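Below is my_file-v9.pdb, holding PDB, C-alpha atoms.
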```
MODEL        1
ATOM      1  CA  PRO A   1       1.766  13.953  12.658  1.00  0.00           C
ATOM      2  CA  ILE A   2       0.893  16.013   9.600  1.00  0.00           C
ATOM      3  CA  LEU A   3      -1.788  13.666   8.318  1.00  0.00           C
ATOM      4  CA  LEU A   4      -3.790  13.821  11.538  1.00  0.00           C
ATOM      5  CA  LEU A   5      -3.668  17.610  11.442  1.00  0.00           C
ATOM      6  CA  LEU A   6      -5.085  17.532   7.910  1.00  0.00           C
ATOM      7  CA  VAL A   7      -7.945  15.177   8.745  1.00  0.00           C
ATOM      8  CA  GLY A   8      -8.824  16.807  12.059  1.00  0.00           C
ATOM      9  CA  ARG A   9      -6.813  14.629  14.448  1.00  0.00           C
ATOM     10  CA  THR A  10      -9.298  11.775  14.269  1.00  0.00           C
ATOM     11  CA  LEU A  11      -9.368   9.259  11.484  1.00  0.00           C
ATOM     12  CA  HIS A  12     -12.471   7.141  11.130  1.00  0.00           C
ATOM     13  CA  GLY A  13     -12.205   3.908   9.193  1.00  0.00           C
ATOM     14  CA  ILE A  14      -9.178   2.348   7.513  1.00  0.00           C
ATOM     15  CA  LEU A  15      -6.529   4.294   5.600  1.00  0.00           C
ATOM     16  CA  CYS A  16      -5.132   2.385   2.624  1.00  0.00           C
ATOM     17  CA  SER A  17      -1.854   4.006   1.649  1.00  0.00           C
ATOM     18  CA  ASP A  18       1.723   3.590   0.618  1.00  0.00           C
ATOM     19  CA  ARG A  19       4.514   3.640   3.211  1.00  0.00           C
ATOM     20  CA  TRP A  20       5.055   7.436   3.217  1.00  0.00           C
ATOM     21  CA  ARG A  21       6.227   8.483   6.676  1.00  0.00           C
ATOM     22  CA  ALA A  22       3.470  11.087   6.993  1.00  0.00           C
ATOM     23  CA  TYR A  23       1.119   8.168   7.662  1.00  0.00           C
ATOM     24  CA  ASP A  24       3.202   6.791  10.542  1.00  0.00           C
ATOM     25  CA  GLY A  25       1.021   8.580  13.096  1.00  0.00           C
ATOM     26  CA  VAL A  26      -2.006   6.541  12.049  1.00  0.00           C
ATOM     27  CA  PRO A  27      -2.412   3.469  14.274  1.00  0.00           C
ATOM     28  CA  LEU A  28      -1.524   0.238  12.477  1.00  0.00           C
ATOM     29  CA  LEU A  29      -4.971  -1.164  13.235  1.00  0.00           C
ATOM     30  CA  GLN A  30      -6.439   1.660  11.107  1.00  0.00           C
ATOM     31  CA  ARG A  31      -4.116   1.142   8.150  1.00  0.00           C
ATOM     32  CA  GLN A  32      -3.885  -1.053   5.097  1.00  0.00           C
ATOM     33  CA  ILE A  33      -0.567  -0.867   3.290  1.00  0.00           C
ATOM     34  CA  CYS A  34      -1.089  -0.855  -0.467  1.00  0.00           C
ATOM     35  CA  TRP A  35       0.238  -4.076  -1.989  1.00  0.00           C
ATOM     36  CA  ALA A  36       0.554  -2.435  -5.424  1.00  0.00           C
ATOM     37  CA  HIS A  37       3.052   0.019  -3.938  1.00  0.00           C
ATOM     38  CA  LEU A  38       4.874  -2.844  -2.215  1.00  0.00           C
ATOM     39  CA  LYS A  39       5.011  -4.722  -5.511  1.00  0.00           C
ATOM     40  CA  ARG A  40       6.751  -1.754  -7.139  1.00  0.00           C
ATOM     41  CA  ASN A  41       9.138  -1.533  -4.177  1.00  0.00           C
ATOM     42  CA  TRP A  42       9.964  -5.240  -4.450  1.00  0.00           C
ATOM     43  CA  GLU A  43      10.488  -4.959  -8.208  1.00  0.00           C
ATOM     44  CA  ALA A  44      12.925  -2.085  -7.645  1.00  0.00           C
ATOM     45  CA  LEU A  45      14.697  -4.169  -5.004  1.00  0.00           C
ATOM     46  CA  ARG A  46      14.951  -7.081  -7.443  1.00  0.00           C
ATOM     47  CA  GLU A  47      16.655  -4.869 -10.023  1.00  0.00           C
ATOM     48  CA  ARG A  48      19.511  -4.265  -7.590  1.00  0.00           C
ATOM     49  CA  GLY A  49      20.558  -7.916  -7.933  1.00  0.00           C
ATOM     50  CA  GLY A  50      22.449 -10.035  -5.404  1.00  0.00           C
ATOM     51  CA  PRO A  51      20.881 -10.556  -1.973  1.00  0.00           C
ATOM     52  CA  ALA A  52      18.282  -7.873  -2.669  1.00  0.00           C
ATOM     53  CA  GLN A  53      17.061  -9.826  -5.686  1.00  0.00           C
ATOM     54  CA  ARG A  54      16.659 -13.041  -3.682  1.00  0.00           C
ATOM     55  CA  ILE A  55      14.618 -11.254  -0.994  1.00  0.00           C
ATOM     56  CA  ALA A  56      12.501  -9.472  -3.612  1.00  0.00           C
ATOM     57  CA  ASP A  57      11.889 -12.700  -5.551  1.00  0.00           C
ATOM     58  CA  GLY A  58      10.629 -14.340  -2.363  1.00  0.00           C
ATOM     59  CA  CYS A  59       8.328 -11.411  -1.572  1.00  0.00           C
ATOM     60  CA  LEU A  60       6.959 -11.246  -5.116  1.00  0.00           C
ATOM     61  CA  ALA A  61       6.240 -14.997  -5.167  1.00  0.00           C
ATOM     62  CA  ILE A  62       4.269 -14.652  -1.926  1.00  0.00           C
ATOM     63  CA  LYS A  63       2.461 -11.591  -3.311  1.00  0.00           C
ATOM     64  CA  ASP A  64       1.272 -13.712  -6.246  1.00  0.00           C
ATOM     65  CA  LYS A  65      -0.130 -16.312  -3.840  1.00  0.00           C
ATOM     66  CA  VAL A  66      -1.801 -13.630  -1.732  1.00  0.00           C
ATOM     67  CA  PHE A  67      -3.568 -12.175  -4.764  1.00  0.00           C
ATOM     68  CA  ALA A  68      -4.607 -15.601  -6.030  1.00  0.00           C
ATOM     69  CA  GLN A  69      -6.432 -16.111  -2.722  1.00  0.00           C
ATOM     70  CA  TRP A  70      -7.818 -12.570  -2.711  1.00  0.00           C
ATOM     71  CA  HIS A  71      -9.260 -12.943  -6.209  1.00  0.00           C
ATOM     72  CA  LEU A  72     -10.757 -16.306  -5.272  1.00  0.00           C
ATOM     73  CA  PHE A  73     -12.413 -14.624  -2.266  1.00  0.00           C
ATOM     74  CA  ARG A  74     -13.629 -11.657  -4.338  1.00  0.00           C
ATOM     75  CA  GLY A  75     -15.111 -14.045  -6.886  1.00  0.00           C
ATOM     76  CA  GLY A  76     -17.112 -15.842  -4.200  1.00  0.00           C
ATOM     77  CA  GLY A  77     -14.950 -18.970  -4.083  1.00  0.00           C
ATOM     78  CA  LEU A  78     -13.910 -18.441  -0.448  1.00  0.00           C
ATOM     79  CA  THR A  79     -15.572 -17.216   2.711  1.00  0.00           C
ATOM     80  CA  ARG A  80     -13.815 -14.601   4.826  1.00  0.00           C
ATOM     81  CA  SER A  81     -12.835 -17.262   7.373  1.00  0.00           C
ATOM     82  CA  GLN A  82     -11.381 -19.445   4.597  1.00  0.00           C
ATOM     83  CA  LEU A  83      -9.483 -16.434   3.284  1.00  0.00           C
ATOM     84  CA  ASP A  84      -8.092 -15.852   6.768  1.00  0.00           C
ATOM     85  CA  GLU A  85      -7.046 -19.515   7.070  1.00  0.00           C
ATOM     86  CA  ARG A  86      -5.283 -19.470   3.704  1.00  0.00           C
ATOM     87  CA  MET A  87      -3.550 -16.143   4.317  1.00  0.00           C
ATOM     88  CA  ALA A  88      -2.096 -17.154   7.697  1.00  0.00           C
ATOM     89  CA  PRO A  89       0.690 -19.370   6.270  1.00  0.00           C
ATOM     90  CA  LEU A  90       1.442 -16.764   3.594  1.00  0.00           C
ATOM     91  CA  ALA A  91       1.758 -14.085   6.284  1.00  0.00           C
ATOM     92  CA  LEU A  92       4.243 -16.281   8.156  1.00  0.00           C
ATOM     93  CA  GLU A  93       6.137 -17.002   4.946  1.00  0.00           C
ATOM     94  CA  LEU A  94       6.433 -13.293   4.118  1.00  0.00           C
ATOM     95  CA  LEU A  95       7.457 -12.538   7.700  1.00  0.00           C
ATOM     96  CA  ALA A  96      10.326 -15.039   7.421  1.00  0.00           C
ATOM     97  CA  VAL A  97      11.528 -13.571   4.107  1.00  0.00           C
ATOM     98  CA  LEU A  98      11.450 -10.007   5.463  1.00  0.00           C
ATOM     99  CA  GLN A  99      13.264 -11.039   8.647  1.00  0.00           C
ATOM    100  CA  LYS A 100      15.948 -12.691   6.512  1.00  0.00           C
ATOM    101  CA  GLY A 101      16.193  -9.464   4.503  1.00  0.00           C
ATOM    102  CA  GLU A 102      16.476  -7.428   7.694  1.00  0.00           C
ATOM    103  CA  ARG A 103      19.583  -9.459   8.586  1.00  0.00           C
ATOM    104  CA  SER A 104      21.119  -8.875   5.136  1.00  0.00           C
ATOM    105  CA  ARG A 105      24.599  -7.366   4.889  1.00  0.00           C
ATOM    106  CA  ASP A 106      23.194  -5.113   2.184  1.00  0.00           C
ATOM    107  CA  GLY A 107      22.240  -2.051   4.223  1.00  0.00           C
ATOM    108  CA  LYS A 108      19.612  -0.759   1.824  1.00  0.00           C
ATOM    109  CA  THR A 109      17.835  -4.113   1.730  1.00  0.00           C
ATOM    110  CA  ALA A 110      18.046  -4.463   5.505  1.00  0.00           C
ATOM    111  CA  ARG A 111      16.574  -0.981   6.060  1.00  0.00           C
ATOM    112  CA  PHE A 112      13.777  -1.601   3.577  1.00  0.00           C
ATOM    113  CA  CYS A 113      12.833  -4.897   5.218  1.00  0.00           C
ATOM    114  CA  ALA A 114      13.000  -3.352   8.713  1.00  0.00           C
ATOM    115  CA  ARG A 115      10.667  -0.564   7.595  1.00  0.00           C
ATOM    116  CA  VAL A 116       8.141  -3.037   6.181  1.00  0.00           C
ATOM    117  CA  LEU A 117       8.384  -5.175   9.331  1.00  0.00           C
ATOM    118  CA  ALA A 118       7.631  -2.097  11.453  1.00  0.00           C
ATOM    119  CA  ILE A 119       4.230  -1.796   9.753  1.00  0.00           C
ATOM    120  CA  TYR A 120       3.736  -5.513   9.079  1.00  0.00           C
ATOM    121  CA  PRO A 121       0.292  -5.899  10.714  1.00  0.00           C
ATOM    122  CA  ALA A 122      -1.058  -3.228   8.341  1.00  0.00           C
ATOM    123  CA  LEU A 123      -0.287  -5.459   5.354  1.00  0.00           C
ATOM    124  CA  TRP A 124      -3.065  -7.817   6.375  1.00  0.00           C
ATOM    125  CA  THR A 125      -5.983  -5.565   7.384  1.00  0.00           C
ATOM    126  CA  PHE A 126      -7.851  -6.465   4.184  1.00  0.00           C
ATOM    127  CA  VAL A 127      -8.024 -10.087   5.325  1.00  0.00           C
ATOM    128  CA  VAL A 128     -10.004  -9.362   8.482  1.00  0.00           C
ATOM    129  CA  VAL A 129     -11.882  -6.099   7.854  1.00  0.00           C
ATOM    130  CA  GLU A 130     -14.880  -6.182   5.548  1.00  0.00           C
ATOM    131  CA  GLY A 131     -14.756  -3.638   2.715  1.00  0.00           C
ATOM    132  CA  VAL A 132     -10.993  -3.065   2.815  1.00  0.00           C
ATOM    133  CA  GLU A 133      -9.061  -3.729  -0.386  1.00  0.00           C
ATOM    134  CA  PRO A 134      -5.386  -4.790  -0.495  1.00  0.00           C
ATOM    135  CA  THR A 135      -4.515  -1.847  -2.771  1.00  0.00           C
ATOM    136  CA  ASN A 136      -5.444   1.810  -3.084  1.00  0.00           C
ATOM    137  CA  ASN A 137      -5.687   1.554  -6.882  1.00  0.00           C
ATOM    138  CA  HIS A 138      -9.306   2.736  -6.981  1.00  0.00           C
ATOM    139  CA  ALA A 139      -8.529   5.915  -5.019  1.00  0.00           C
ATOM    140  CA  GLU A 140      -5.513   6.658  -7.192  1.00  0.00           C
ATOM    141  CA  ARG A 141      -7.551   6.238 -10.385  1.00  0.00           C
ATOM    142  CA  VAL A 142     -10.158   8.658  -9.034  1.00  0.00           C
ATOM    143  CA  GLN A 143      -7.469  11.290  -8.344  1.00  0.00           C
ATOM    144  CA  ARG A 144      -5.698  10.811 -11.661  1.00  0.00           C
ATOM    145  CA  LEU A 145      -7.752  13.415 -13.563  1.00  0.00           C
ATOM    146  CA  ALA A 146      -6.967  16.128 -11.010  1.00  0.00           C
ATOM    147  CA  VAL A 147      -3.271  15.238 -11.022  1.00  0.00           C
ATOM    148  CA  LEU A 148      -3.096  15.387 -14.825  1.00  0.00           C
ATOM    149  CA  TYR A 149      -4.994  18.693 -14.887  1.00  0.00           C
ATOM    150  CA  ARG A 150      -2.602  20.249 -12.362  1.00  0.00           C
ATOM    151  CA  LYS A 151       0.425  18.945 -14.263  1.00  0.00           C
ATOM    152  CA  ASN A 152      -0.726  20.162 -17.663  1.00  0.00           C
ATOM    153  CA  CYS A 153      -2.122  23.529 -16.539  1.00  0.00           C
ATOM    154  CA  PHE A 154       0.651  24.426 -14.093  1.00  0.00           C
ATOM    155  CA  GLY A 155      -1.766  24.811 -11.166  1.00  0.00           C
ATOM    156  CA  CYS A 156      -3.808  27.853 -10.137  1.00  0.00           C
ATOM    157  CA  HIS A 157      -2.544  31.326  -9.388  1.00  0.00           C
ATOM    158  CA  SER A 158      -5.555  32.912  -7.696  1.00  0.00           C
ATOM    159  CA  ASP A 159      -8.196  31.995  -5.155  1.00  0.00           C
ATOM    160  CA  SER A 160     -10.969  32.323  -7.736  1.00  0.00           C
ATOM    161  CA  GLY A 161      -9.016  30.120 -10.167  1.00  0.00           C
ATOM    162  CA  CYS A 162      -8.547  27.485  -7.496  1.00  0.00           C
ATOM    163  CA  ARG A 163     -12.291  27.536  -6.684  1.00  0.00           C
ATOM    164  CA  PHE A 164     -13.110  27.194 -10.391  1.00  0.00           C
ATOM    165  CA  VAL A 165     -10.855  24.158 -10.815  1.00  0.00           C
ATOM    166  CA  GLU A 166     -12.099  22.674  -7.554  1.00  0.00           C
ATOM    167  CA  ARG A 167     -15.714  22.919  -8.738  1.00  0.00           C
ATOM    168  CA  LEU A 168     -14.969  21.773 -12.267  1.00  0.00           C
ATOM    169  CA  LEU A 169     -13.154  18.647 -11.097  1.00  0.00           C
ATOM    170  CA  THR A 170     -15.925  17.926  -8.591  1.00  0.00           C
ATOM    171  CA  VAL A 171     -18.482  17.964 -11.399  1.00  0.00           C
ATOM    172  CA  VAL A 172     -16.312  15.760 -13.598  1.00  0.00           C
TER     173      VAL A 172
ENDMDL
END
```
Can the structure in the file be given as structure tokens, please?
Amino acid sequence: PILLLLVGRTLHGILCSDRWRAYDGVPLLQRQICWAHLKRNWEALRERGGPAQRIADGCLAIKDKVFAQWHLFRGGGLTRSQLDERMAPLALELLAVLQKGERSRDGKTARFCARVLAIYPALWTFVVVEGVEPTNNHAERVQRLAVLYRKNCFGCHSDSGCRFVERLLTVV
């Protein structure tokens, strides 16, 4: 897998990411699937209407419950074991909705749900592993400046230019 080649074949810790296939080589026990990305996927599914909308509505309703519990935990209103207890029924509820979607006659919805089910355990890593967040929003905000710079300046065209930008963005 490409990702493991980039990080030196060994990944330490938990990778919080979207569902890009380049991450498929990372063991599910070392992954957290970003719920913000899933939310956008479910919203796009809802816009398709019909059976896709019903599946997406179910997933989005569960997502709201998941984040209500997460925010309660983050605010100190729940212990980790209480969070785990409250997430268990939500995990089963989401599993049932995705399995229903996987059986849908709408091929696109069925494929989407099958793909999420294939990585399902990685949706819940944040519940059991200390320090793991349910989204990768923080990491994406940190990278945003570099992405905007590259977009607006059309990248670098020399090794020395690349080093300059690399160092400048590191300082910033």
With distances taken over only C-alpha atoms, which of A:Leu60, A:Ala44, A:Leu38, A:Leu168 is nearest to A:Leu123? A:Leu38
Grab the atom CA of A:Phe154 to atom CA of A:Arg167 distance for me, in Å with one decimal place.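 Distance reported for this atom pair: 17.3 Å.
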Work out how far apart atom CA of A:Cys34 and atom CA of A:Val66 are and give it in Å to one decimal.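 Calculated distance between atom CA of A:Cys34 and atom CA of A:Val66 is 12.9 Å.
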Which residue of A:Leu90, A:Val165, A:Ile14, A:Leu45 approaches A:Ala110 most closely, using all atoms listed in the file: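 Ranking A:Leu90, A:Val165, A:Ile14, A:Leu45 by distance to A:Ala110, first place goes to A:Leu45.
Here atom CA of A:Tyr120 is placed at a distance of 8.1 Å from atom CA of A:Leu95.
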Name the closest residue to A:Pro89 among the candidates A:Ile62, A:Ala52, A:Leu28, A:Ala114; distances are taken between atoms, counting only C-alpha atoms. A:Ile62
Taking only C-alpha atoms into account, which of A:Trp42, A:Ala68, A:Val128, A:Asp24 comes nearest A:Cys113? A:Trp42
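With only C-alpha atoms as the atoms that count, the residue of A:Gly58, A:Gly101, A:Gly155, A:Pro134 with the shortest distance to A:Cys16 is A:Pro134.
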